[in-house]
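Visitor: The structure is given below, and queries will be raised subsequently.
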Amino acid sequence: MGSSLSLLLEEAKLNRGGRILRVHDLKISRKDVVGLIHTLAKEFSNLEILVISQCRIKSIPTEINVLHKLKALHLNGNLLTEVPELAMDKLRTITLNENQFTEIPHVLLRLPQLRILGLQSNRIATTANLQIPVTCALKQIDLSNNDISVFPIELQAIPTLANLNLAGNKLKEIPGNLAEWKNLKELNLKNNQLENIPESLPAILRIFNLQGNRLTNLPKIISSQLKLRELFLGQNNFENFPLELLTLVSLAVLDFAENRLTSIPVQVSSMTSLIELRIQGNQIGSIPKEIVMMSRLRKLYLEDNQLSTLPDELVNLNKLICLRLHGNRFTNIPTCLADSQFLGHLLHLSMDFNPLDDKHITGFRSIGALPYFISRLVDTSRDETGMDSPNS
């Protein structure tokens with residue numbers, strides 16, 4: 001075994017009590033891996049977490065089964081294409097991200113305690129031949145950034161599945177029976193090619209990410225029984241705010257960034273459960289004063305629109321801690337920002353990249369706004385601002 005591996009083993013003994021070992025960015029042979037496993041079995045009888053990442057290993061030796069107490073195995077960034085038969089009854093997490101798998105390894109689905117499976121950034125194109133054993137109890141599967149073009153309906157046979165990540169694939173449709181996925185709480189379909197979504201969704205769904213698709217509208221029927229807490233619709237093709245969203249009475253986070261909205265309807269004020277509203281990167285020219293009805297709002301992202309004024313009533317949003325206004329058309333400091341009590345609530349305020357003159361900036365400083373990041377006049381460079389839009 002190489003000297004670098006030997007040093008890592010000694011460090012693991014001294015610093016981590018032999019429960020965790022991380023091997024990163026070392027070129028090691030199959031012989032090295034086998035030798036490492038035998039050493040671990042002898043000297044690390046309590047090993048629970050093993051990480052071998054960016055080591056360019058091409059196969060997993062069957063000897064790994066001697067690590068019978070292992071709970072988490074992370075083999076990311078290698079050259080793996082298959083997994084041997086495993087008899088690891090305590091393994092709960094395995095991540096095989098950034099390898100060369102072309103299908104989900106069947107043997108993993110037979111591990112009785114496995115709950116989290118990561119296969120991000122492989123070469124998986126289909127799940128059509130996948131057979132799900134009745135004992136499979138996976139709760140979380142990450143298949144993001146693969147080549148999947150058909151929704152993996154086979155995974156519905158896993159009754160415990162609660163979190164499914166299919167972001168960055170080539171999906172064009174969502175199955176109409178998605179509502180039958182009874183335990184699905186989080187579904188990530190970001191950066192696919194979807195043009196619509198089904199009328200029925202799982203009643204238990206809490207987080208739904210549809211960013212970066214081709215959506216222009218939502219189904220006319222969105223059940224008020226849905227308990228969605230977070231909905232991400234940014235980077236789509238919406239020209240109008242879909243009023244169907246008003247029925248989502250539990251929604252706390254709504255992302256509508258980087259669409260084609262030119263206005264926000266007054267009715268949006270009825271979404272009183274919202275804590276965070278992201279409507280940056282649109283073409284919005286005004287904000288309705290009724291927004292003050294959203295009394296729980298804590299974060300409001302309005303940057304990169306066409307705003308030149310804000311409603312005075314905004315001062316009554318006394319739970320607001322984040323207000324982003326940079327990249328708009330403000331020539332004057334909005335009246336609501338002259339309210340010292342309102343400013344006192346804010347932890348983050350941005351107004352840079354607006355055409356403000358020195359007079360207004362000086363006035364803004366005089367009312368005690370120095371803690372906030374205010375830049376002078378219009379500038380097209382944002383490299384040093386640290387004010388990039390949030391990314392979910």
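How things are named: the first chain in the structure tokens is A, the next is B, and so on; residues count from 1 in each chain; ligands count from 1 in the order shown.
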Enumerate the residues of range 75-118 of chain A with a DSSP assignment of strand (DSSP E or B), computed from the backbone, and present them as a PyMOL selection string.

Guide: chain A and resi 93-95+116-118

Visitor: For Val315 in chain A, find every residue with an atom within 8 Å (counting only C-alpha atoms), except residues of its own chain fewer than 6 positions away, and show them as number ranges by chain.

Guide: A: 336-337, 339, 342

Visitor: Can you pull out every residue within 12 Å of range 233-235 of chain A, counting only C-alpha atoms, but drop anything in the same chain fewer than 2 positions away, and send it as a VMD selection string?

Guide: chain A and resid 188 to 197 207 to 218 230 to 231 237 to 239 241 to 242 245 253 to 261 277 to 282 389 to 392

Visitor: Could you write out that same residue set with N, CA and C atoms as a short mmCIF file (atom, residue, chain, number, x, y, z; two decimals), in the first residue's frame?

Guide:
```
data_model
loop_
_atom_site.label_atom_id
_atom_site.label_comp_id
_atom_site.auth_asym_id
_atom_site.auth_seq_id
_atom_site.Cartn_x
_atom_site.Cartn_y
_atom_site.Cartn_z
N ASN A 188 -37.61 17.17 -7.38
CA ASN A 188 -36.79 18.17 -8.06
C ASN A 188 -36.72 17.83 -9.55
N LEU A 189 -37.35 18.68 -10.37
CA LEU A 189 -37.36 18.50 -11.83
C LEU A 189 -36.72 19.70 -12.53
N LYS A 190 -35.84 20.37 -11.82
CA LYS A 190 -35.17 21.55 -12.35
C LYS A 190 -34.37 21.22 -13.62
N ASN A 191 -34.36 22.17 -14.55
CA ASN A 191 -33.54 22.07 -15.76
C ASN A 191 -33.83 20.80 -16.57
N ASN A 192 -35.11 20.63 -16.91
CA ASN A 192 -35.53 19.61 -17.86
C ASN A 192 -36.17 20.32 -19.06
N GLN A 193 -37.08 19.66 -19.75
CA GLN A 193 -37.71 20.24 -20.94
C GLN A 193 -39.23 20.19 -20.83
N LEU A 194 -39.73 20.36 -19.62
CA LEU A 194 -41.17 20.22 -19.36
C LEU A 194 -41.94 21.44 -19.86
N GLU A 195 -43.09 21.18 -20.48
CA GLU A 195 -43.96 22.25 -20.96
C GLU A 195 -45.26 22.32 -20.18
N ASN A 196 -45.56 21.29 -19.40
CA ASN A 196 -46.77 21.31 -18.56
C ASN A 196 -46.58 20.34 -17.40
N ILE A 197 -47.47 20.46 -16.43
CA ILE A 197 -47.47 19.54 -15.30
C ILE A 197 -48.87 18.97 -15.14
N ILE A 207 -42.08 20.08 -1.29
CA ILE A 207 -41.14 20.89 -2.05
C ILE A 207 -41.15 20.42 -3.50
N PHE A 208 -41.42 21.36 -4.42
CA PHE A 208 -41.54 21.02 -5.84
C PHE A 208 -40.70 22.04 -6.63
N ASN A 209 -39.65 21.55 -7.27
CA ASN A 209 -38.74 22.43 -8.02
C ASN A 209 -38.93 22.21 -9.51
N LEU A 210 -39.40 23.25 -10.20
CA LEU A 210 -39.62 23.21 -11.64
C LEU A 210 -38.83 24.31 -12.36
N GLN A 211 -37.80 24.81 -11.73
CA GLN A 211 -36.98 25.85 -12.34
C GLN A 211 -36.38 25.38 -13.67
N GLY A 212 -36.20 26.34 -14.58
CA GLY A 212 -35.45 26.04 -15.79
C GLY A 212 -36.11 25.08 -16.73
N ASN A 213 -37.44 25.16 -16.86
CA ASN A 213 -38.16 24.34 -17.83
C ASN A 213 -38.79 25.25 -18.90
N ARG A 214 -39.88 24.81 -19.50
CA ARG A 214 -40.51 25.58 -20.58
C ARG A 214 -41.98 25.87 -20.27
N LEU A 215 -42.31 25.99 -19.02
CA LEU A 215 -43.69 26.18 -18.60
C LEU A 215 -44.19 27.57 -18.95
N THR A 216 -45.44 27.65 -19.40
CA THR A 216 -46.08 28.94 -19.68
C THR A 216 -47.34 29.14 -18.85
N ASN A 217 -47.89 28.06 -18.31
CA ASN A 217 -49.08 28.16 -17.46
C ASN A 217 -49.15 26.94 -16.54
N LEU A 218 -50.09 26.99 -15.63
CA LEU A 218 -50.32 25.88 -14.70
C LEU A 218 -51.70 25.29 -14.95
N GLU A 230 -42.89 24.79 -0.52
CA GLU A 230 -41.94 25.51 -1.35
C GLU A 230 -42.17 25.13 -2.82
N LEU A 231 -42.31 26.15 -3.67
CA LEU A 231 -42.56 25.94 -5.09
C LEU A 231 -41.63 26.84 -5.89
N ASN A 237 -41.25 30.31 -18.81
CA ASN A 237 -41.74 31.26 -19.82
C ASN A 237 -43.09 31.87 -19.46
N PHE A 238 -43.36 32.04 -18.16
CA PHE A 238 -44.62 32.64 -17.73
C PHE A 238 -44.66 34.12 -18.08
N GLU A 239 -45.75 34.54 -18.72
CA GLU A 239 -45.96 35.96 -19.00
C GLU A 239 -46.94 36.59 -18.01
N PHE A 241 -48.83 36.03 -13.99
CA PHE A 241 -48.80 35.33 -12.71
C PHE A 241 -50.00 34.38 -12.64
N PRO A 242 -49.79 33.07 -12.49
CA PRO A 242 -50.92 32.13 -12.49
C PRO A 242 -51.74 32.21 -11.21
N LEU A 245 -52.22 29.57 -8.22
CA LEU A 245 -51.38 29.44 -7.04
C LEU A 245 -52.07 29.94 -5.77
N VAL A 253 -42.64 29.47 0.50
CA VAL A 253 -41.61 29.99 -0.41
C VAL A 253 -42.10 29.84 -1.84
N LEU A 254 -42.11 30.98 -2.56
CA LEU A 254 -42.51 30.97 -3.97
C LEU A 254 -41.42 31.65 -4.80
N ASP A 255 -40.90 30.91 -5.75
CA ASP A 255 -39.88 31.44 -6.65
C ASP A 255 -40.48 31.61 -8.04
N PHE A 256 -40.50 32.86 -8.52
CA PHE A 256 -40.99 33.17 -9.86
C PHE A 256 -39.96 34.01 -10.61
N ALA A 257 -38.70 33.84 -10.26
CA ALA A 257 -37.63 34.66 -10.83
C ALA A 257 -37.40 34.35 -12.31
N GLU A 258 -36.96 35.37 -13.03
CA GLU A 258 -36.51 35.21 -14.41
C GLU A 258 -37.57 34.56 -15.31
N ASN A 259 -38.77 35.10 -15.24
CA ASN A 259 -39.80 34.77 -16.21
C ASN A 259 -40.05 36.02 -17.06
N ARG A 260 -41.28 36.22 -17.50
CA ARG A 260 -41.59 37.36 -18.37
C ARG A 260 -42.73 38.21 -17.81
N LEU A 261 -42.84 38.23 -16.49
CA LEU A 261 -43.90 38.98 -15.85
C LEU A 261 -43.69 40.48 -16.03
N LEU A 277 -40.70 35.56 -1.12
CA LEU A 277 -41.21 35.75 -2.47
C LEU A 277 -40.08 36.21 -3.38
N ARG A 278 -39.82 35.42 -4.40
CA ARG A 278 -38.74 35.73 -5.36
C ARG A 278 -39.35 36.04 -6.73
N ILE A 279 -39.34 37.30 -7.09
CA ILE A 279 -39.85 37.70 -8.41
C ILE A 279 -38.82 38.56 -9.13
N GLN A 280 -37.55 38.35 -8.81
CA GLN A 280 -36.50 39.11 -9.47
C GLN A 280 -36.32 38.66 -10.92
N GLY A 281 -35.67 39.53 -11.71
CA GLY A 281 -35.34 39.15 -13.08
C GLY A 281 -36.53 39.08 -14.01
N ASN A 282 -37.59 39.86 -13.74
CA ASN A 282 -38.73 39.95 -14.64
C ASN A 282 -38.76 41.35 -15.26
N SER A 389 -28.29 36.67 -7.57
CA SER A 389 -29.64 36.22 -7.21
C SER A 389 -29.56 34.86 -6.55
N PRO A 390 -30.48 34.57 -5.65
CA PRO A 390 -30.45 33.28 -4.96
C PRO A 390 -30.68 32.13 -5.93
N ASN A 391 -30.05 31.02 -5.66
CA ASN A 391 -30.19 29.86 -6.53
C ASN A 391 -30.65 28.69 -5.69
N SER A 392 -31.86 28.12 -6.00
CA SER A 392 -32.40 27.06 -5.19
C SER A 392 -31.85 25.74 -5.65
#
```

Visitor: Taking only C-alpha atoms into account, name the residue in A:Gly327, A:Pro159, A:Pro334, A:Pro265 that is nearest to Asn354 in chain A.

Guide: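 The shortest atom-to-atom distance to Asn354 in chain A comes from A:Gly327.
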
Visitor: Leaving out Arg56 in chain A and any residue of its chain fewer than 3 positions from it, which residues lie within 7 Å of it when counting only C-alpha atoms, given as number ranges by chain?

Guide: A: 27, 78-79

Visitor: Extract the full set of helix (DSSP H, G or I) residues from range 13-213 of chain A according to DSSP on the backbone, and format it as a PyMOL selection string.

Guide: chain A and resi 13-15+30-43+62-66+106-110+153-157+178-180

Visitor: Write the selection just made, keeping C-alpha atoms, as an mmCIF file, in the first residue's frame?

Guide:
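Result file is again_5.cif:
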```cif
data_model
loop_
_atom_site.group_PDB
_atom_site.id
_atom_site.type_symbol
_atom_site.label_atom_id
_atom_site.label_comp_id
_atom_site.auth_asym_id
_atom_site.auth_seq_id
_atom_site.Cartn_x
_atom_site.Cartn_y
_atom_site.Cartn_z
ATOM 1 C CA LYS A 13 -6.722 6.228 13.995
ATOM 2 C CA LEU A 14 -5.489 9.282 15.849
ATOM 3 C CA ASN A 15 -8.116 11.886 14.960
ATOM 4 C CA ARG A 30 -7.377 -2.274 -7.432
ATOM 5 C CA LYS A 31 -4.620 -3.977 -5.470
ATOM 6 C CA ASP A 32 -4.326 -0.868 -3.284
ATOM 7 C CA VAL A 33 -8.079 -0.851 -2.681
ATOM 8 C CA VAL A 34 -8.111 -4.532 -1.685
ATOM 9 C CA GLY A 35 -5.147 -3.962 0.621
ATOM 10 C CA LEU A 36 -6.859 -0.927 2.118
ATOM 11 C CA ILE A 37 -10.037 -2.897 2.814
ATOM 12 C CA HIS A 38 -8.149 -5.732 4.523
ATOM 13 C CA THR A 39 -6.282 -3.211 6.663
ATOM 14 C CA LEU A 40 -9.537 -1.497 7.577
ATOM 15 C CA ALA A 41 -11.139 -4.818 8.521
ATOM 16 C CA LYS A 42 -8.245 -5.622 10.854
ATOM 17 C CA GLU A 43 -7.503 -2.248 12.387
ATOM 18 C CA THR A 62 -16.046 -7.935 -3.223
ATOM 19 C CA GLU A 63 -13.758 -7.836 -0.206
ATOM 20 C CA ILE A 64 -15.579 -4.658 0.821
ATOM 21 C CA ASN A 65 -18.201 -6.916 2.424
ATOM 22 C CA VAL A 66 -15.854 -7.532 5.353
ATOM 23 C CA HIS A 106 -29.963 -3.696 -9.031
ATOM 24 C CA VAL A 107 -27.869 -5.084 -6.169
ATOM 25 C CA LEU A 108 -28.214 -1.828 -4.250
ATOM 26 C CA LEU A 109 -31.986 -2.127 -4.134
ATOM 27 C CA ARG A 110 -31.623 -5.374 -2.208
ATOM 28 C CA ILE A 153 -42.267 5.403 -13.185
ATOM 29 C CA GLU A 154 -40.682 2.159 -12.005
ATOM 30 C CA LEU A 155 -39.605 3.971 -8.840
ATOM 31 C CA GLN A 156 -43.246 4.258 -7.780
ATOM 32 C CA ALA A 157 -42.878 0.659 -6.596
ATOM 33 C CA LEU A 178 -48.023 11.264 -10.110
ATOM 34 C CA ALA A 179 -50.639 11.765 -7.393
ATOM 35 C CA GLU A 180 -50.398 8.036 -6.689
#
```

Visitor: Rank nothing, just name the residue among A:Lys220, A:Lys71, A:Glu85, A:Ser340 nearest to Asn46 in chain A, using only C-alpha atoms.

Guide: A:Lys71

Visitor: Give me the residues near Arg19 in chain A as a list in words, where near means some atom within 12 Å (using only C-alpha atoms) and where sequence neighbours in that chain fewer than 6 positions away do not count.

Guide: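 Near neighbours after the sequence-gap exclusion: Leu9, Glu11, Ala12, Lys13, Leu40, Ala41, Glu43, Phe44, Ser45, Asn46, Leu47, Glu48, Ile49, Leu50, Val51, Leu67, Lys69, Leu70, Lys71 and Ala72 of chain A.
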
Visitor: Residues at most 7 Å from Leu314 in chain A, counting only C-alpha atoms, excluding those fewer than 2 positions away in the same chain, as a ChimeraX atom specification?

Guide: /A:292,311-312,316-317,336

Visitor: Compare A:Ile57, A:Ala167, A:Met293, A:Ile174 by their minimum atom-to-atom distance to Phe151 in chain A, counting only C-alpha atoms, and give me the closest one.

Guide: A:Ile174

Visitor: Applying 6 Å and only C-alpha atoms, which residues near Leu114 in chain A remain after dropping the ones on its own chain fewer than 5 positions away? List them as a PyMOL selection string.

Guide: chain A and resi 91-93+138

Visitor: Those same residues - all heavy atoms - I'd like them written as a PDB file, in the first residue's frame.

Guide:
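And here is the file that came out, again_16.pdb:
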```pdb
ATOM      1  N   LEU A  91     -25.563  -0.814   5.985  1.00  0.00           N
ATOM      2  CA  LEU A  91     -25.321   0.307   5.079  1.00  0.00           C
ATOM      3  C   LEU A  91     -26.616   1.073   4.823  1.00  0.00           C
ATOM      4  O   LEU A  91     -27.606   0.531   4.350  1.00  0.00           O
ATOM      5  CB  LEU A  91     -24.756  -0.217   3.754  1.00  0.00           C
ATOM      6  CG  LEU A  91     -24.152   0.842   2.828  1.00  0.00           C
ATOM      7  CD1 LEU A  91     -22.915   1.472   3.450  1.00  0.00           C
ATOM      8  CD2 LEU A  91     -23.798   0.240   1.474  1.00  0.00           C
ATOM      9  N   ARG A  92     -26.609   2.380   5.154  1.00  0.00           N
ATOM     10  CA  ARG A  92     -27.794   3.218   4.999  1.00  0.00           C
ATOM     11  C   ARG A  92     -27.647   4.249   3.878  1.00  0.00           C
ATOM     12  O   ARG A  92     -28.640   4.733   3.344  1.00  0.00           O
ATOM     13  CB  ARG A  92     -28.102   3.946   6.319  1.00  0.00           C
ATOM     14  CG  ARG A  92     -28.455   3.000   7.445  1.00  0.00           C
ATOM     15  CD  ARG A  92     -28.813   3.745   8.716  1.00  0.00           C
ATOM     16  NE  ARG A  92     -30.006   4.557   8.552  1.00  0.00           N
ATOM     17  CZ  ARG A  92     -31.258   4.115   8.688  1.00  0.00           C
ATOM     18  NH1 ARG A  92     -31.471   2.848   8.979  1.00  0.00           N
ATOM     19  NH2 ARG A  92     -32.282   4.942   8.544  1.00  0.00           N
ATOM     20  N   THR A  93     -26.407   4.597   3.535  1.00  0.00           N
ATOM     21  CA  THR A  93     -26.176   5.613   2.510  1.00  0.00           C
ATOM     22  C   THR A  93     -25.060   5.157   1.575  1.00  0.00           C
ATOM     23  O   THR A  93     -24.006   4.716   2.039  1.00  0.00           O
ATOM     24  CB  THR A  93     -25.747   6.949   3.152  1.00  0.00           C
ATOM     25  OG1 THR A  93     -26.780   7.419   4.008  1.00  0.00           O
ATOM     26  CG2 THR A  93     -25.467   7.997   2.077  1.00  0.00           C
ATOM     27  N   LEU A 138     -35.816   2.458   0.242  1.00  0.00           N
ATOM     28  CA  LEU A 138     -35.140   3.728  -0.024  1.00  0.00           C
ATOM     29  C   LEU A 138     -36.058   4.915   0.251  1.00  0.00           C
ATOM     30  O   LEU A 138     -37.245   4.885  -0.084  1.00  0.00           O
ATOM     31  CB  LEU A 138     -34.668   3.778  -1.485  1.00  0.00           C
ATOM     32  CG  LEU A 138     -33.339   3.092  -1.799  1.00  0.00           C
ATOM     33  CD1 LEU A 138     -33.175   2.942  -3.300  1.00  0.00           C
ATOM     34  CD2 LEU A 138     -32.171   3.865  -1.211  1.00  0.00           C
TER      35      LEU A 138
END
```

Visitor: Counting only C-alpha atoms, figure out which residue out of A:Glu290, A:Glu186, A:Asp25, A:Glu82 gets nearest to Glu103 in chain A.

Guide: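 Once distances to Glu103 in chain A are computed over only C-alpha atoms, the minimum belongs to A:Glu82.
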